[in-house]
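> So that you have it, the file is coords_37.cif, and it contains mmCIF, C-alpha atoms:
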```
data_target
loop_
_atom_site.label_atom_id
_atom_site.label_comp_id
_atom_site.auth_asym_id
_atom_site.auth_seq_id
_atom_site.Cartn_x
_atom_site.Cartn_y
_atom_site.Cartn_z
CA MET Q 1 -117.13 168.45 125.37
CA LYS Q 2 -114.16 170.26 126.77
CA SER Q 3 -111.28 171.14 124.49
CA TYR Q 4 -107.79 171.40 125.92
CA LYS Q 5 -105.03 173.73 124.81
CA SER Q 6 -102.13 171.99 126.50
CA PHE Q 7 -101.08 168.80 128.18
CA HIS Q 8 -100.84 170.73 131.44
CA GLU Q 9 -104.62 171.38 131.36
CA ILE Q 10 -105.25 167.69 130.69
CA ASP Q 11 -102.98 166.72 133.56
CA LEU Q 12 -104.74 169.11 135.96
CA ASP Q 13 -108.14 167.81 134.94
CA LEU Q 14 -107.03 164.20 135.41
CA LYS Q 15 -105.69 165.00 138.89
CA LYS Q 16 -108.96 166.71 139.79
CA LEU Q 17 -111.02 163.75 138.59
CA ASN Q 18 -108.76 161.33 140.46
CA LEU Q 19 -109.25 163.29 143.70
CA GLU Q 20 -113.02 163.37 143.17
CA ARG Q 21 -112.97 159.58 142.66
CA LYS Q 22 -110.98 159.07 145.87
CA ILE Q 23 -113.38 161.30 147.81
CA ALA Q 24 -116.38 159.36 146.49
CA LEU Q 25 -114.69 156.08 147.45
CA GLU Q 26 -114.09 157.31 151.01
CA GLU Q 27 -117.72 158.45 151.27
CA MET Q 28 -118.84 154.99 150.20
CA LYS Q 29 -116.61 153.43 152.88
CA GLY Q 30 -118.26 155.69 155.46
CA LEU Q 31 -121.73 154.68 154.29
CA LYS Q 32 -120.71 151.02 154.49
CA TYR Q 33 -119.59 151.51 158.09
CA GLU Q 34 -122.83 153.31 158.98
CA LEU Q 35 -124.90 150.52 157.43
CA HIS Q 36 -122.86 147.94 159.34
CA GLU Q 37 -123.58 149.80 162.59
CA ILE Q 38 -127.30 150.07 161.83
CA MET Q 39 -127.58 146.34 161.16
CA LYS Q 40 -126.17 145.34 164.56
CA PRO Q 41 -128.66 143.60 166.90
CA TYR Q 42 -128.07 146.24 169.58
CA HIS Q 43 -129.47 148.90 167.27
CA TRP Q 44 -132.56 146.80 166.53
CA ILE Q 45 -133.16 146.32 170.26
CA GLN Q 46 -132.93 150.07 170.84
CA THR Q 47 -135.39 150.73 168.03
CA GLY Q 48 -137.82 148.13 169.40
CA LEU Q 49 -137.61 149.50 172.94
CA GLY Q 50 -138.26 153.01 171.66
CA ALA Q 51 -141.39 151.84 169.85
CA ILE Q 52 -142.58 149.93 172.92
CA LYS Q 53 -142.06 153.02 175.09
CA ARG Q 54 -144.11 155.17 172.72
CA ILE Q 55 -146.93 152.63 172.58
CA GLY Q 56 -146.85 152.28 176.38
CA ILE Q 57 -147.07 156.03 176.89
CA ILE Q 58 -150.01 156.30 174.49
CA TYR Q 59 -151.73 153.40 176.27
CA LEU Q 60 -151.13 155.04 179.66
CA ILE Q 61 -152.52 158.39 178.46
CA ARG Q 62 -155.65 156.67 177.12
CA LYS Q 63 -156.17 154.89 180.43
CA ILE Q 64 -155.84 158.17 182.33
CA PHE Q 65 -158.43 159.98 180.19
CA LYS Q 66 -161.00 157.14 180.30
#
```
Could you write out this file's structure as structure tokens?

Amino acid sequence: MKSYKSFHEIDLDLKKLNLERKIALEEMKGLKYELHEIMKPYHWIQTGLGAIKRIGIIYLIRKIFK
């Protein structure tokens, strides 16, 4: 536990903690926006097409080597 020698130290610590709280809140807002973007149907379509492309390439390579 931290012991303080003056009200000035307490005030500085409170300001520091308040800024850290605000930074954490803004980071959470950013994560919320990223999650919102990931959940859009366009993103799911891109992911699905990427998987289909990979499977198609693997299938094509197998056909070539047989």
> Calculate how many Å separate atom CA of Gly48 of chain Q from atom CA of Leu35 of chain Q, rounding to one decimal.
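We find that atom CA of Gly48 of chain Q and atom CA of Leu35 of chain Q lie 17.8 Å from each other.
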> If I take atom CA of His43 of chain Q and atom CA of Leu31 of chain Q, how far is one from the other in Å, to one decimal?
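That distance, rounded to one decimal, is 16.2 Å.
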> Please measure the separation of atom CA of Lys53 of chain Q and atom CA of Met39 of chain Q, giving the value in Å to one decimal.
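Atom-to-atom, atom CA of Lys53 of chain Q and atom CA of Met39 of chain Q are spaced 21.2 Å apart.
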